[in-house]
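Visitor: As input, take data.csv (CSV, C-alpha atoms and all ligand atoms):
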chain,number,residue,atom,x,y,z
H,282,MET,CA,107.5,79.3,78.2
H,283,MET,CA,106.2,82.0,75.9
H,284,LEU,CA,109.1,84.1,74.6
H,285,SER,CA,108.5,87.6,73.3
H,286,TYR,CA,111.0,89.8,71.6
H,287,THR,CA,110.5,93.5,72.3
H,288,GLY,CA,113.9,94.8,71.4
H,289,GLN,CA,115.1,96.9,68.5
H,290,THR,CA,115.2,95.4,65.0
H,291,ASP,CA,118.6,96.6,63.9
H,292,ALA,CA,120.6,94.9,66.7
H,293,VAL,CA,123.9,94.7,64.7
H,294,GLY,CA,123.6,98.4,63.7
H,295,GLU,CA,123.0,99.4,67.4
H,296,PHE,CA,126.0,97.2,68.5
H,297,ALA,CA,128.3,98.8,65.8
H,298,VAL,CA,127.3,102.3,66.9
H,299,ALA,CA,127.8,101.6,70.6
H,300,VAL,CA,131.2,100.0,69.9
H,301,GLY,CA,132.4,102.9,67.6
H,302,ASP,CA,131.2,105.5,70.1
H,303,GLY,CA,132.9,103.8,73.1
H,304,LEU,CA,136.2,103.2,71.4
H,305,ARG,CA,136.4,106.8,70.1
H,306,LYS,CA,136.5,108.1,73.7
H,307,LEU,CA,140.1,109.2,73.9
H,308,ASN,CA,140.6,109.7,77.6
H,309,GLN,CA,139.4,106.3,78.4
H,310,ARG,CA,138.1,103.9,75.7
H,311,GLU,CA,135.0,102.0,76.8
H,312,LEU,CA,132.7,99.1,75.7
H,313,PRO,CA,129.2,98.8,77.1
H,314,SER,CA,128.9,95.9,79.6
H,315,ALA,CA,125.5,94.8,78.2
H,316,TYR,CA,127.4,93.3,75.2
H,317,LEU,CA,129.3,90.9,77.4
H,318,TYR,CA,126.2,88.6,77.3
H,319,ASP,CA,126.1,86.8,74.0
H,320,GLU,CA,125.5,83.1,74.1
H,321,LEU,CA,129.1,82.3,75.1
H,322,GLY,CA,129.3,85.3,77.5
H,323,THR,CA,126.1,84.1,79.2
H,324,ALA,CA,127.5,80.6,79.7
H,325,LEU,CA,130.8,82.1,81.1
H,326,PHE,CA,128.9,84.3,83.5
H,327,GLU,CA,127.1,81.2,84.8
H,328,ALA,CA,130.5,79.6,85.3
H,329,ILE,CA,131.6,82.7,87.2
H,330,THR,CA,128.7,82.4,89.7
H,331,LEU,CA,130.1,79.0,90.6
H,332,LEU,CA,133.7,80.2,91.3
H,333,PRO,CA,134.9,79.9,94.9
H,334,GLU,CA,136.2,83.5,94.7
H,335,TYR,CA,132.8,84.9,93.5
H,336,GLY,CA,130.9,85.1,96.7
H,337,LEU,CA,128.0,87.3,95.5
H,338,THR,CA,125.7,84.7,94.0
H,339,ARG,CA,126.0,82.2,96.9
H,340,ALA,CA,125.4,85.0,99.4
H,341,GLU,CA,122.3,86.2,97.6
H,342,GLU,CA,121.0,82.7,97.2
H,343,ARG,CA,121.4,82.1,101.0
H,344,LEU,CA,119.4,85.3,101.6
H,345,LEU,CA,116.6,84.4,99.2
H,346,ARG,CA,116.4,80.8,100.5
H,347,ARG,CA,116.3,81.9,104.2
H,348,HIS,CA,114.1,85.0,103.9
H,349,ALA,CA,111.8,84.5,101.0
H,350,GLY,CA,108.9,83.8,103.3
H,351,ASP,CA,109.5,87.0,105.3
H,352,MET,CA,109.9,89.1,102.2
H,353,LEU,CA,106.7,87.8,100.7
H,354,ARG,CA,104.7,88.3,103.9
H,355,ARG,CA,105.1,92.0,103.4
H,356,LEU,CA,103.4,91.8,99.9
H,357,PRO,CA,99.7,91.0,100.0
H,358,PRO,CA,98.4,88.8,97.1
H,359,PRO,CA,98.0,88.8,94.2
H,360,VAL,CA,101.5,89.5,93.0
H,361,ALA,CA,103.1,89.2,89.5
H,362,VAL,CA,106.9,89.0,89.4
H,363,VAL,CA,109.2,90.8,86.9
H,364,GLU,CA,112.9,90.1,86.9
H,365,LEU,CA,115.3,92.6,85.3
H,366,GLY,CA,118.4,90.9,83.8
H,367,SER,CA,117.2,87.5,85.1
H,368,GLY,CA,120.2,85.5,83.7
H,369,SER,CA,119.5,81.8,84.5
H,370,GLY,CA,117.1,82.7,87.3
H,371,ARG,CA,118.7,80.0,89.5
H,372,LYS,CA,118.3,82.0,92.8
H,373,THR,CA,114.9,83.3,91.9
H,374,ARG,CA,113.4,79.8,92.5
H,375,TRP,CA,113.3,80.5,96.2
H,376,ILE,CA,111.0,83.5,95.7
H,377,LEU,CA,108.9,81.8,93.1
H,378,GLU,CA,108.5,78.6,95.0
H,379,ALA,CA,107.4,80.5,98.2
H,380,LEU,CA,105.0,82.6,96.2
H,381,ALA,CA,103.6,79.7,94.2
H,382,ALA,CA,102.8,77.9,97.5
H,383,ARG,CA,100.2,80.7,98.2
H,384,GLU,CA,98.9,81.7,94.7
H,385,SER,CA,99.3,81.1,91.0
H,386,VAL,CA,102.1,83.3,89.7
H,387,ALA,CA,102.9,85.1,86.5
H,388,TYR,CA,106.7,85.5,86.1
H,389,PHE,CA,108.3,87.8,83.5
H,390,PRO,CA,112.1,87.3,83.2
H,391,ILE,CA,113.6,90.1,81.1
H,392,ASP,CA,117.0,89.7,79.5
H,393,ILE,CA,118.8,90.9,76.4
H,394,SER,CA,120.3,87.4,76.2
H,395,ALA,CA,118.0,84.8,74.6
H,396,ALA,CA,120.4,82.1,75.9
H,397,ALA,CA,119.8,83.3,79.4
H,398,LEU,CA,116.0,83.2,79.0
H,399,ILE,CA,116.2,79.6,77.7
H,400,LYS,CA,118.3,78.6,80.7
H,401,CYS,CA,116.0,80.4,83.0
H,402,HIS,CA,113.0,78.4,81.7
H,403,GLN,CA,114.9,75.2,82.2
H,404,GLU,CA,115.8,76.1,85.8
H,405,LEU,CA,112.2,77.1,86.8
H,406,ALA,CA,109.8,75.1,84.7
H,407,HIS,CA,109.5,72.5,87.5
H,408,ILE,CA,107.6,75.0,89.7
H,409,GLY,CA,103.8,74.3,89.6
H,410,ALA,CA,101.3,77.2,89.5
H,411,LEU,CA,103.9,79.3,87.7
H,412,SER,CA,103.5,80.8,84.2
H,413,ILE,CA,106.7,82.1,82.6
H,414,VAL,CA,106.6,84.8,79.9
H,415,GLY,CA,110.2,85.6,78.9
H,416,LEU,CA,110.8,89.0,77.4
H,417,GLU,CA,113.9,89.3,75.3
H,418,SER,CA,114.4,93.0,75.7
H,419,SER,CA,116.3,95.8,77.5
H,420,TYR,CA,115.3,96.4,81.1
H,421,LEU,CA,112.9,99.3,80.8
H,422,GLU,CA,111.2,98.2,77.6
H,423,GLY,CA,110.6,94.8,79.2
H,424,LEU,CA,109.3,96.3,82.4
H,425,GLN,CA,106.9,98.5,80.4
H,426,GLU,CA,105.7,95.4,78.6
H,427,ALA,CA,105.2,93.4,81.8
H,428,ALA,CA,103.4,96.3,83.5
H,429,ILE,CA,100.9,96.4,80.6
H,430,ARG,CA,100.4,92.6,80.9
H,431,ARG,CA,99.7,92.5,84.7
H,432,ARG,CA,96.1,92.0,85.8
H,433,PRO,CA,94.5,95.2,87.2
H,434,ASN,CA,94.4,93.9,90.8
H,435,GLN,CA,98.0,92.5,90.7
H,436,ALA,CA,100.8,94.2,92.5
H,437,LEU,CA,104.2,94.0,90.8
H,438,LEU,CA,107.3,92.6,92.5
H,439,VAL,CA,110.3,93.7,90.5
H,440,LEU,CA,113.6,91.8,91.2
H,441,PHE,CA,116.9,93.4,90.3
H,442,LEU,CA,119.4,90.9,91.8
H,443,GLY,CA,123.1,90.1,91.5
H,444,SER,CA,124.2,93.7,92.3
H,445,THR,CA,123.7,94.5,88.6
H,446,ILE,CA,122.7,98.0,89.8
H,447,GLY,CA,126.4,98.4,90.6
H,448,ASN,CA,127.2,98.3,86.8
H,449,PHE,CA,125.6,101.8,86.5
H,450,HIS,CA,127.5,105.0,87.2
H,451,PRO,CA,126.0,106.5,90.4
H,452,PRO,CA,123.9,109.3,88.8
H,453,ALA,CA,122.7,106.8,86.1
H,454,ALA,CA,121.8,104.2,88.8
H,455,GLU,CA,119.5,106.7,90.6
H,456,LYS,CA,118.0,107.8,87.3
H,457,PHE,CA,117.4,104.1,86.4
H,458,LEU,CA,115.7,103.5,89.7
H,459,GLN,CA,113.5,106.5,89.1
H,460,ASP,CA,112.6,105.1,85.6
H,461,ILE,CA,111.7,101.8,87.3
H,462,ARG,CA,109.5,103.7,89.8
H,463,ARG,CA,107.7,105.5,86.9
H,464,ASN,CA,106.5,102.1,85.7
H,465,LEU,CA,105.1,101.1,89.1
H,466,ARG,CA,102.1,101.9,91.2
H,467,PRO,CA,102.2,102.9,94.9
H,468,GLY,CA,102.6,99.7,96.9
H,469,ASP,CA,104.5,97.8,94.2
H,470,ALA,CA,107.9,96.5,95.3
H,471,LEU,CA,111.5,96.3,94.1
H,472,LEU,CA,113.8,93.7,95.6
H,473,LEU,CA,117.3,95.1,95.1
H,474,GLY,CA,120.4,92.9,95.7
H,475,VAL,CA,123.7,94.9,96.3
H,476,ASP,CA,127.2,93.7,97.0
H,477,VAL,CA,128.6,95.4,100.1
H,478,LYS,CA,132.1,96.9,100.4
H,479,LYS,CA,134.6,94.5,102.0
H,480,ALA,CA,138.3,93.8,102.1
H,481,ILE,CA,139.9,95.0,98.8
H,482,HIS,CA,141.6,91.6,98.3
H,483,ASP,CA,138.3,89.7,98.4
H,484,MET,CA,136.6,92.3,96.0
H,485,VAL,CA,139.4,92.1,93.5
H,486,LEU,CA,139.8,88.3,93.6
H,487,ALA,CA,136.0,88.0,92.9
H,488,TYR,CA,136.7,89.5,89.4
H,489,ASP,CA,140.2,88.1,88.9
H,490,ASP,CA,139.9,84.4,89.6
H,491,PRO,CA,143.1,82.3,89.1
H,492,ALA,CA,141.4,79.9,86.8
H,493,GLY,CA,140.8,82.7,84.3
H,494,VAL,CA,137.1,82.3,83.8
H,495,THR,CA,136.4,86.1,84.3
H,496,ALA,CA,139.3,86.8,82.0
H,497,ALA,CA,137.6,84.6,79.3
H,498,PHE,CA,134.3,86.4,80.0
H,499,ASN,CA,135.9,89.8,79.5
H,500,LEU,CA,138.0,88.8,76.4
H,501,ASN,CA,134.9,87.2,74.8
H,502,LEU,CA,133.6,90.8,74.2
H,503,LEU,CA,136.5,91.3,71.7
H,504,SER,CA,135.8,88.0,70.0
H,505,ARG,CA,132.1,88.9,69.8
H,506,ILE,CA,133.1,92.1,68.0
H,507,ASN,CA,135.2,90.0,65.6
H,508,ARG,CA,132.4,87.6,65.0
H,509,GLU,CA,129.4,90.0,64.7
H,510,LEU,CA,131.0,93.2,63.4
H,511,GLY,CA,134.0,92.0,61.4
H,512,GLY,CA,136.6,93.1,63.8
H,513,ASP,CA,140.2,92.0,63.8
H,514,PHE,CA,141.2,92.1,67.5
H,515,VAL,CA,144.0,89.6,68.2
H,516,LEU,CA,142.8,88.3,71.6
H,517,ARG,CA,146.3,87.2,72.7
H,518,HIS,CA,147.4,90.8,72.4
H,519,PHE,CA,145.0,91.9,75.2
H,520,GLU,CA,144.8,90.9,78.8
H,521,HIS,CA,142.2,91.0,81.5
H,522,HIS,CA,142.9,93.8,84.0
H,523,ILE,CA,141.1,94.6,87.3
H,524,ARG,CA,141.3,97.8,89.3
H,525,TYR,CA,139.7,98.9,92.6
H,526,GLN,CA,138.9,102.6,92.7
H,527,GLU,CA,138.6,103.6,96.3
H,528,ILE,CA,137.1,107.0,95.7
H,529,ASN,CA,134.2,105.6,93.7
H,530,CYS,CA,134.1,102.4,95.7
H,531,ARG,CA,134.1,100.3,92.6
H,532,ILE,CA,135.8,97.5,90.8
H,533,GLU,CA,136.6,98.2,87.2
H,534,MET,CA,137.1,95.6,84.6
H,535,HIS,CA,139.4,96.5,81.7
H,536,LEU,CA,141.1,94.9,78.7
H,537,ARG,CA,144.7,96.1,78.4
H,538,SER,CA,146.6,96.2,75.2
H,539,THR,CA,149.9,94.4,75.7
H,540,ARG,CA,151.6,96.1,72.7
H,541,ARG,CA,151.1,99.0,70.3
H,542,GLN,CA,148.7,97.7,67.7
H,543,THR,CA,146.1,98.7,65.2
H,544,VAL,CA,142.6,97.3,65.1
H,545,SER,CA,139.8,97.7,62.5
H,546,ILE,CA,136.1,97.0,62.9
H,547,ARG,CA,134.4,96.8,59.5
H,548,GLU,CA,130.7,97.3,60.6
H,549,ALA,CA,131.6,100.2,62.9
H,550,ASP,CA,133.7,101.8,60.1
H,551,PHE,CA,136.4,102.2,62.7
H,552,THR,CA,140.2,101.8,62.9
H,553,CYS,CA,142.4,102.8,65.8
H,554,THR,CA,145.8,102.3,67.2
H,555,PHE,CA,146.1,101.2,70.9
H,556,ARG,CA,149.2,102.2,72.8
H,557,GLU,CA,151.0,99.5,74.8
H,558,GLY,CA,149.3,99.4,78.2
H,559,GLU,CA,146.2,101.4,77.1
H,560,THR,CA,143.0,99.9,78.4
H,561,ILE,CA,139.4,99.5,77.3
H,562,TRP,CA,137.0,99.8,80.2
H,563,THR,CA,134.3,97.1,80.0
H,564,GLU,CA,132.5,97.0,83.3
H,565,ALA,CA,132.0,98.8,86.6
H,566,CYS,CA,130.9,97.0,89.7
H,567,ARG,CA,130.2,99.5,92.5
H,568,LYS,CA,130.2,98.3,96.1
H,569,PHE,CA,127.6,99.8,98.5
H,570,ARG,CA,127.3,100.4,102.2
H,571,VAL,CA,124.1,98.9,103.7
H,572,GLU,CA,123.3,102.3,105.4
H,573,GLU,CA,123.2,104.2,102.0
H,574,ILE,CA,120.4,102.2,100.5
H,575,PRO,CA,117.5,103.9,102.4
H,576,GLY,CA,118.7,107.3,101.1
H,577,ILE,CA,118.9,106.0,97.6
H,578,ALA,CA,115.4,104.6,98.0
H,579,ARG,CA,114.0,107.9,99.2
H,580,ARG,CA,115.6,109.9,96.4
H,581,THR,CA,114.1,107.5,93.8
H,582,GLY,CA,110.5,107.3,95.0
H,583,PHE,CA,110.7,104.2,97.3
H,584,LEU,CA,110.7,103.5,101.0
H,585,CYS,CA,113.2,100.9,102.2
H,586,GLU,CA,110.9,98.5,104.0
H,587,ALA,CA,113.5,95.9,105.1
H,588,GLN,CA,117.1,94.8,104.6
H,589,TRP,CA,118.7,91.4,105.0
H,590,VAL,CA,122.5,91.0,105.1
H,591,ASP,CA,124.5,87.9,104.6
H,592,THR,CA,127.1,87.3,107.3
H,593,GLU,CA,129.5,85.0,105.3
H,594,TRP,CA,129.9,87.4,102.3
H,595,ALA,CA,128.7,90.9,102.9
H,596,PHE,CA,125.8,91.3,100.5
H,597,ALA,CA,122.4,93.0,101.1
H,598,GLU,CA,118.9,92.3,99.8
H,599,ASN,CA,116.7,95.4,100.1
H,600,LEU,CA,113.0,95.4,99.9
H,601,LEU,CA,111.9,98.8,98.5
H,602,ILE,CA,108.2,99.8,98.3
H,603,ALA,CA,107.0,102.3,95.7
H,604,ASP,CA,105.8,105.4,97.6
A,701,LIG,C1,125.4,90.4,86.1
A,701,LIG,S1,124.2,89.4,85.2
A,701,LIG,C2,123.1,89.0,86.5
A,701,LIG,C3,122.3,87.8,86.3
A,701,LIG,C4,121.3,87.4,87.4
A,701,LIG,N1,120.4,88.4,87.7
A,701,LIG,C5,122.1,87.1,88.7
A,701,LIG,O1,121.9,87.8,89.7
A,701,LIG,O2,123.0,86.2,88.7
A,701,LIG,C6,123.3,90.6,84.3
A,701,LIG,C7,122.2,90.0,83.4
A,701,LIG,O3,121.5,91.1,82.8
A,701,LIG,C8,121.4,91.0,81.4
A,701,LIG,N2,121.5,92.4,80.9
A,701,LIG,C9,122.6,93.2,80.8
A,701,LIG,N3,122.3,94.4,80.3
A,701,LIG,C10,121.0,94.3,80.1
A,701,LIG,C11,120.1,95.3,79.6
A,701,LIG,N4,120.4,96.5,79.2
A,701,LIG,N5,118.8,94.9,79.4
A,701,LIG,C12,118.3,93.6,79.8
A,701,LIG,N6,119.2,92.7,80.3
A,701,LIG,C13,120.5,93.0,80.4
A,701,LIG,C14,122.6,90.1,81.0
A,701,LIG,O4,122.3,89.4,79.8
A,701,LIG,C15,122.7,89.2,82.2
A,701,LIG,O5,121.9,88.0,82.1
Could you render the structure as structure tokens?
Ligand SMILES: C[S@@+](CC[C@H](N)C(=O)[O-])C[C@H]1O[C@@H](n2cnc3c(N)ncnc32)[C@H](O)[C@@H]1O
Guide:
Amino acid sequence: MMLSYTGQTDAVGEFAVAVGDGLRKLNQRELPSAYLYDELGTALFEAITLLPEYGLTRAEERLLRRHAGDMLRRLPPPVAVVELGSGSGRKTRWILEALAARESVAYFPIDISAAALIKCHQELAHIGALSIVGLESSYLEGLQEAAIRRRPNQALLVLFLGSTIGNFHPPAAEKFLQDIRRNLRPGDALLLGVDVKKAIHDMVLAYDDPAGVTAAFNLNLLSRINRELGGDFVLRHFEHHIRYQEINCRIEMHLRSTRRQTVSIREADFTCTFREGETIWTEACRKFRVEEIPGIARRTGFLCEAQWVDTEWAFAENLLIAD
């Protein structure tokens, strides 16, 4: 695999600013979810996808395995594939194998996590007729780079799987889809995987597994701050906390301070006191209705060409075509 780095050069400085800005928000302190994915966080996320309570990944894998042929029949060759936040790319094999059976394929996995890109290459290197160019980058910078590298006659198929779109606040999600659209040509495609609203108990358990893997994933963000920014968070004094917010139809992942305590972060030039019970919001996971996707597509410059819904775990794969 070729691996290109297209990210910013002062990664520690950017991290420190993001952490300082998020923790200074007094109504609700926050940390950006993108920073959950260092090497350890990436490995823990992979473990999460195997948990019996986390139905999303298995549902999406079933949809891709069963319907890849149907999805690709709607996209005439030649096609180059770009995946935003590829992670390990384990599910993507079904799309790439089906595509590689009809043409030679260029695949651009984009991820801020170098560990994810290495794993992705290990998962997919066995597929013949596939060239993998990993882009260690943020979503849109990577997409711009991949769009420049496509051959003039190639259509782009952009994959945004795993319901990662649910991590954006609703207005930001639509703005992000519009930004994706701006990098595409009419006829290019976006395959968008979204988790669908279901019983609250199932949605909560998916992020609060009894084995504590998701808790470790969440708490690792504090240990990453300790390691990379000189923080002094005591992990045992914070706990994983999950809420479901009905009005916004979203799961929220928080870290709750179990006591009054003061924390300093050297690189962020930051010290603050947490109240007992105060939380830091680390991730939002919005849940969708299948019927709302065509409207989101229209508002962001796409047409919703087809939808496939898993019947075991409500999850929808949506094929959007750039208008
Ligand atoms: C929820 S995981 C999903 C992984 C995979 N697509 C799946 O469906 O299982 C999100 C992935 O996006 C990456 N990521 C998060 N924020 C990112 C950003 N701003 N730019 C690029 N990659 C990002 C993470 O490193 C992680 O691999």
Visitor: Please provide as number ranges by chain all residues within 10 Å of Leu510 in chain H, with the sequence filter that same-chain residues fewer than 6 positions apart are discarded (counting only C-alpha atoms).
Guide: H: 293-294, 296-297, 300, 504, 545-550
Visitor: If I take CA of Ala382 in chain H and CA of Thr338 in chain H, how far is one from the other in Å, to one decimal?
Guide: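 Computing it gives 24.1 Å between the two atoms.
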Visitor: Could you list the protein, DNA and RNA residues that have any atom within 7 Å of ligand LIG 701 (chain A), counting all atoms listed in the file, and write them as a list in words?
Guide: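 Residues satisfying the distance criterion: Ser314, Ala315, Tyr318, Thr323, Thr330, Thr338, Leu365, Gly366, Ser367, Gly368, Ser369, Gly370, Ile391, Asp392, Ile393, Ser394, Ala397, Ser418, Ser419, Tyr420, Phe441, Leu442, Gly443, Ser444 and Thr445 of chain H.
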Visitor: For a test of reading the model, state the distance in Å between CA of Arg371 in chain H and CA of Leu405 in chain H, rounded to one decimal.
Guide: 7.6 Å
Visitor: Using only C-alpha atoms, which protein or nucleic acid residues come within 10 Å of Met352 in chain H? Drop anything in the same chain fewer than 6 positions from it, and give the result as a compact mmCIF listing (two decimals) with C-alpha atoms, keeping the file's coordinate frame.
Guide:
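Final output, saved to part_16.txt:
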# COMPACT_ATOMS: atom_id res chain seq x y z
CA LEU H 345 116.60 84.40 99.20
CA ILE H 376 111.00 83.50 95.70
CA ALA H 379 107.40 80.50 98.20
CA LEU H 472 113.80 93.70 95.60
CA GLU H 586 110.90 98.50 104.00
CA ALA H 587 113.50 95.90 105.10
CA GLN H 588 117.10 94.80 104.60
CA TRP H 589 118.70 91.40 105.00
CA GLU H 598 118.90 92.30 99.80
CA ASN H 599 116.70 95.40 100.10
CA LEU H 600 113.00 95.40 99.90
Visitor: Would you work out the distance separating CA of His402 in chain H from CA of Val363 in chain H, expressed in Å to one decimal?
Guide: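 CA of His402 in chain H sits 14.0 Å away from CA of Val363 in chain H.
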Visitor: Pick from H:Leu503, H:Ala578, H:Val494, H:Ala595: nearest to Pro333 in chain H, with only C-alpha atoms counted?
Guide: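 Counting only C-alpha atoms, the residue closest to Pro333 in chain H is H:Val494.
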Visitor: Show me, as a Markdown table, the residues of range 491-535 of chain H having an atom within 10 Å of range 446-452 of chain H, each with the closest atom pair and its distance in Å, using all atoms listed in the file.
Guide:
| residue | atom | partner | partner_atom | distance |
| --- | --- | --- | --- | --- |
| H:Asn529 | CA | H:Pro451 | CA | 8.9 |
| H:Arg531 | CA | H:Gly447 | CA | 8.2 |
| H:Ile532 | CA | H:Gly447 | CA | 9.4 |
| H:Glu533 | CA | H:Asn448 | CA | 9.4 |
Visitor: Select, from H:Asp476, H:Asp513, H:Asp469, H:Asp490, the residue with the minimum atom-to-atom distance to Arg355 in chain H, counting only C-alpha atoms.
Guide: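 The answer is H:Asp469, which sits nearest to Arg355 in chain H.
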Visitor: Go through H:Ile481, H:Val475, H:Cys566, H:Ala497 one by one, measure the shortest atom-to-atom distance of each to Ala324 in chain H using all atoms listed in the file, and give the residue with the smallest value.
Guide: H:Ala497
Visitor: Would you mind listing what lies within 12 Å of Ala603 in chain H as a PyMOL selection string, with only C-alpha atoms counted and same-chain residues fewer than 3 positions away left out?
Guide: chain H and resi 356+436-439+458-472+578-586+600
Visitor: Could those residues be written to a file, using C-alpha atoms, as a PDB file, keeping the file's coordinate frame?
Guide:
ATOM      1  CA  LEU H 356     103.400  91.800  99.900  1.00  0.00           C
ATOM      2  CA  ALA H 436     100.800  94.200  92.500  1.00  0.00           C
ATOM      3  CA  LEU H 437     104.200  94.000  90.800  1.00  0.00           C
ATOM      4  CA  LEU H 438     107.300  92.600  92.500  1.00  0.00           C
ATOM      5  CA  VAL H 439     110.300  93.700  90.500  1.00  0.00           C
ATOM      6  CA  LEU H 458     115.700 103.500  89.700  1.00  0.00           C
ATOM      7  CA  GLN H 459     113.500 106.500  89.100  1.00  0.00           C
ATOM      8  CA  ASP H 460     112.600 105.100  85.600  1.00  0.00           C
ATOM      9  CA  ILE H 461     111.700 101.800  87.300  1.00  0.00           C
ATOM     10  CA  ARG H 462     109.500 103.700  89.800  1.00  0.00           C
ATOM     11  CA  ARG H 463     107.700 105.500  86.900  1.00  0.00           C
ATOM     12  CA  ASN H 464     106.500 102.100  85.700  1.00  0.00           C
ATOM     13  CA  LEU H 465     105.100 101.100  89.100  1.00  0.00           C
ATOM     14  CA  ARG H 466     102.100 101.900  91.200  1.00  0.00           C
ATOM     15  CA  PRO H 467     102.200 102.900  94.900  1.00  0.00           C
ATOM     16  CA  GLY H 468     102.600  99.700  96.900  1.00  0.00           C
ATOM     17  CA  ASP H 469     104.500  97.800  94.200  1.00  0.00           C
ATOM     18  CA  ALA H 470     107.900  96.500  95.300  1.00  0.00           C
ATOM     19  CA  LEU H 471     111.500  96.300  94.100  1.00  0.00           C
ATOM     20  CA  LEU H 472     113.800  93.700  95.600  1.00  0.00           C
ATOM     21  CA  ALA H 578     115.400 104.600  98.000  1.00  0.00           C
ATOM     22  CA  ARG H 579     114.000 107.900  99.200  1.00  0.00           C
ATOM     23  CA  ARG H 580     115.600 109.900  96.400  1.00  0.00           C
ATOM     24  CA  THR H 581     114.100 107.500  93.800  1.00  0.00           C
ATOM     25  CA  GLY H 582     110.500 107.300  95.000  1.00  0.00           C
ATOM     26  CA  PHE H 583     110.700 104.200  97.300  1.00  0.00           C
ATOM     27  CA  LEU H 584     110.700 103.500 101.000  1.00  0.00           C
ATOM     28  CA  CYS H 585     113.200 100.900 102.200  1.00  0.00           C
ATOM     29  CA  GLU H 586     110.900  98.500 104.000  1.00  0.00           C
ATOM     30  CA  LEU H 600     113.000  95.400  99.900  1.00  0.00           C
TER      31      LEU H 600
END
Visitor: Let me make sure I understand: among H:Glu559, H:Asp291, H:Glu593, H:Glu364, which one has the smallest atom-to-atom distance to Leu304 in chain H if we use only C-alpha atoms?
Guide: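 Closest candidate: H:Glu559.
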Visitor: Restricting the calculation to all atoms listed in the file: of H:Val485, H:Ala480, H:Arg354, H:Ile399, which residue gets closest to Arg383 in chain H?
Guide: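 Ranking H:Val485, H:Ala480, H:Arg354, H:Ile399 by distance to Arg383 in chain H, first place goes to H:Arg354.
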Visitor: From the list H:Leu500, H:Ala299, H:Val386, H:Ala597, which residue is nearest Glu572 in chain H when using all atoms listed in the file?
Guide: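 So, comparing all the options, the nearest one is H:Ala597.
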Visitor: Residues near Glu378 in chain H, anyone? I mean within 9 Å using only C-alpha atoms, not counting same-chain ones fewer than 4 positions away, as a list in words.
Guide: Thr373, Arg374, Ala382, Ile408, Gly409 and Leu411 of chain H
